[in-house]
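Below is one structure, written out as structure tokens; comments come after it.
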Amino acid sequence: MPLDILSTPVKLGDLELKNRVVMAPLTRCRAPGRLPNALMAEYYGQRSGAGLIISEGVVVMEKGVGYPDTPGIWSKEQVEGWKQVTEAVHAGGSLIVAQLWHCGRVSDPELLGGEQPVAPSAVAMSGHVSLLRPLRPYPVPRALRRDEIPGIVEGFRLGAVNAKEAGFDGVDLHSANGYLLNEFLDASANQRDDDYGGRIENRARLLLEVFDAVATVFGPGRVGVHLSPSTTRHDMLGTDAWEIYPHVARELGTRGAAFLFVREKPEVTPRITPVLKRECGRAMIANDELSPEAACALLESGEADAVSWGRAFIANPDLPWRLSNGVALSPGDEASFYAAAENPAKGYTDYPSIRR
């Protein structure tokens, strides 16, 4: 199948992309002190051949972190650090949106000054806390009080304010992979009996309130939403995914969202992505282990308007050019996906570009 379609421009809401290749968000743990830095600017700038870059998860509040050395966007110092990144990406001709993130129960008191992680309900996950040693099980989170929820919404809004000041072209709300906004959607994690739990309209309420809040900053045409209806990551069960996600898509469509970013492997059947695109009526970015051929098929069929890769961008900073020219992709070094303290550039900015 011809790969030319990858190189064609596309519009996602108010975002005009030079091509249909999107860099998916990738946690890389290269921000000591939660501060974006010059090394990160170099990394993102190297990958500015993408039509759109979605940043790694950017934590909107200090008590929302879940991993070491992930960057935040709640302070002036962080805003100044992000300006280096957005300037580097824009100099390369790409757009970049900030993925606004609250990790919810996917955290540990060691990362939160001794406090419990918060979640919709006091339901612990299985497994062990990522990247912390010695190994320890995920703790039982503290259920957010009803009067605390407006503070979560305001944290996302302030994150959008800071993202705009930092030069981002928009934001992507992280409501996937078992983090806080996703936890509210999923009945296995959300066992509340108030107006944020129970029926699907209530479980979707927080995400939609957050969307409305950040849309006052950027306008809805520069706000996308990240969804993973079929994931089981971090104990998400999605037992009523075919009910709640079409509802979410419809509501986001009426609000004029820029795009939905949906993780769904191409071999999954039946596919929920075309249902969500139809219900939303807005642009769709497809993701999850796509081959170039599968990605082009999604574009040709109209199921997606743009396609995205994450891990492939790690070892191939010139990925859009390689895809369009049929050049073999380099493998990534998984041992350096997350920062090695002695040399954070290793496996980060030292992959070569072969674009001629």
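Labels used: A, B, ... for chains in the order of the structure tokens, numbers from 1 for residues in each chain, and numbers from 1 for ligands as shown.
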Those in range 29-161 of chain A with strand (DSSP E or B) from DSSP, as a list in words: Leu52, Ile53, Ile54, Ser55, Glu56, Gly57, Val58, Val59, Gly72, Leu95, Ile96, Val97, Ala98, Gln99, Leu100, Trp101, Val118, Ala119, His128, Pro137, Arg142 and Ala143 of chain A
Skip Val123 in chain A itself and residues of its chain fewer than 6 positions away, then list as a JSON list (two decimals) with N, CA and C atoms, in the first residue's frame all residues within 9 Å of it, counting only C-alpha atoms.
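Result saved to out-v5.json:
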[["chain", "number", "residue", "atom", "x", "y", "z"],
["A", 105, "ARG", "N", -4.38, 7.03, 41.56],
["A", 105, "ARG", "CA", -3.90, 5.97, 42.46],
["A", 105, "ARG", "C", -2.62, 5.30, 41.97],
["A", 139, "PRO", "N", -0.36, 1.16, 47.07],
["A", 139, "PRO", "CA", -1.11, 1.37, 48.31],
["A", 139, "PRO", "C", -2.60, 1.53, 48.05],
["A", 140, "VAL", "N", -3.38, 1.41, 49.09],
["A", 140, "VAL", "CA", -4.81, 1.74, 49.00],
["A", 140, "VAL", "C", -4.91, 3.25, 48.89],
["A", 141, "PRO", "N", -5.52, 3.79, 47.85],
["A", 141, "PRO", "CA", -5.61, 5.24, 47.72],
["A", 141, "PRO", "C", -6.69, 5.80, 48.64],
["A", 142, "ARG", "N", -6.64, 7.11, 48.81],
["A", 142, "ARG", "CA", -7.69, 7.81, 49.56],
["A", 142, "ARG", "C", -8.75, 8.31, 48.58],
["A", 143, "ALA", "N", -10.00, 8.02, 48.88],
["A", 143, "ALA", "CA", -11.09, 8.49, 48.01],
["A", 143, "ALA", "C", -11.20, 10.00, 48.11],
["A", 188, "SER", "N", -14.77, -0.30, 37.85],
["A", 188, "SER", "CA", -13.97, -1.11, 38.77],
["A", 188, "SER", "C", -13.20, -0.25, 39.76],
["A", 189, "ALA", "N", -12.82, 0.96, 39.35],
["A", 189, "ALA", "CA", -12.09, 1.87, 40.23],
["A", 189, "ALA", "C", -13.00, 2.90, 40.87],
["A", 190, "ASN", "N", -14.11, 3.20, 40.22],
["A", 190, "ASN", "CA", -15.05, 4.22, 40.70],
["A", 190, "ASN", "C", -16.26, 3.54, 41.31],
["A", 191, "GLN", "N", -16.29, 3.50, 42.63],
["A", 191, "GLN", "CA", -17.41, 2.89, 43.35],
["A", 191, "GLN", "C", -18.15, 3.93, 44.17]]
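For the pair CA of Arg263 in chain A and CA of Ser330 in chain A, the separation is 22.9 Å.
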I need the helix (DSSP H, G or I) residues of range 80-285 of chain A per DSSP on the backbone, written as a ChimeraX atom specification. /A:80-91,109-111,146-166,180-185,200-203,205-218,220-222,233-235,241-255,273-280
List the neighbours of Asp318 in chain A out to 7 Å using only C-alpha atoms; skip same-chain residues closer than 6 positions along the sequence, and give me the result as a ChimeraX atom specification. /A:47,49,353,355
Per residue of range 193-241 of chain A within 9 Å of range 81-99 of chain A, note the shortest atom pair and the distance in Å to one decimal, counting only C-alpha atoms, and order the rows by chain and increasing residue number, as a Markdown table.
| residue | atom | partner | partner_atom | distance |
| --- | --- | --- | --- | --- |
| A:Arg222 | CA | A:Val97 | CA | 8.4 |
| A:Val223 | CA | A:Val97 | CA | 8.6 |
| A:Gly224 | CA | A:Val97 | CA | 8.9 |
| A:Val225 | CA | A:Gln99 | CA | 8.9 |
| A:His226 | CA | A:Gln99 | CA | 8.6 |
Dump of N, CA and C atoms for the selected residues, as a CSV table (one decimal), in the first residue's frame:
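The resulting selection-v7.csv:
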chain,number,residue,atom,x,y,z
A,222,ARG,N,-8.6,23.3,20.3
A,222,ARG,CA,-7.1,23.0,20.6
A,222,ARG,C,-7.0,22.1,21.8
A,223,VAL,N,-8.1,21.4,22.2
A,223,VAL,CA,-8.1,20.5,23.3
A,223,VAL,C,-8.5,19.1,22.8
A,224,GLY,N,-7.6,18.1,22.9
A,224,GLY,CA,-7.9,16.7,22.6
A,224,GLY,C,-8.0,15.9,23.8
A,225,VAL,N,-8.5,14.7,23.7
A,225,VAL,CA,-8.7,13.8,24.8
A,225,VAL,C,-8.1,12.4,24.5
A,226,HIS,N,-7.4,11.9,25.4
A,226,HIS,CA,-6.7,10.6,25.2
A,226,HIS,C,-7.6,9.5,25.9
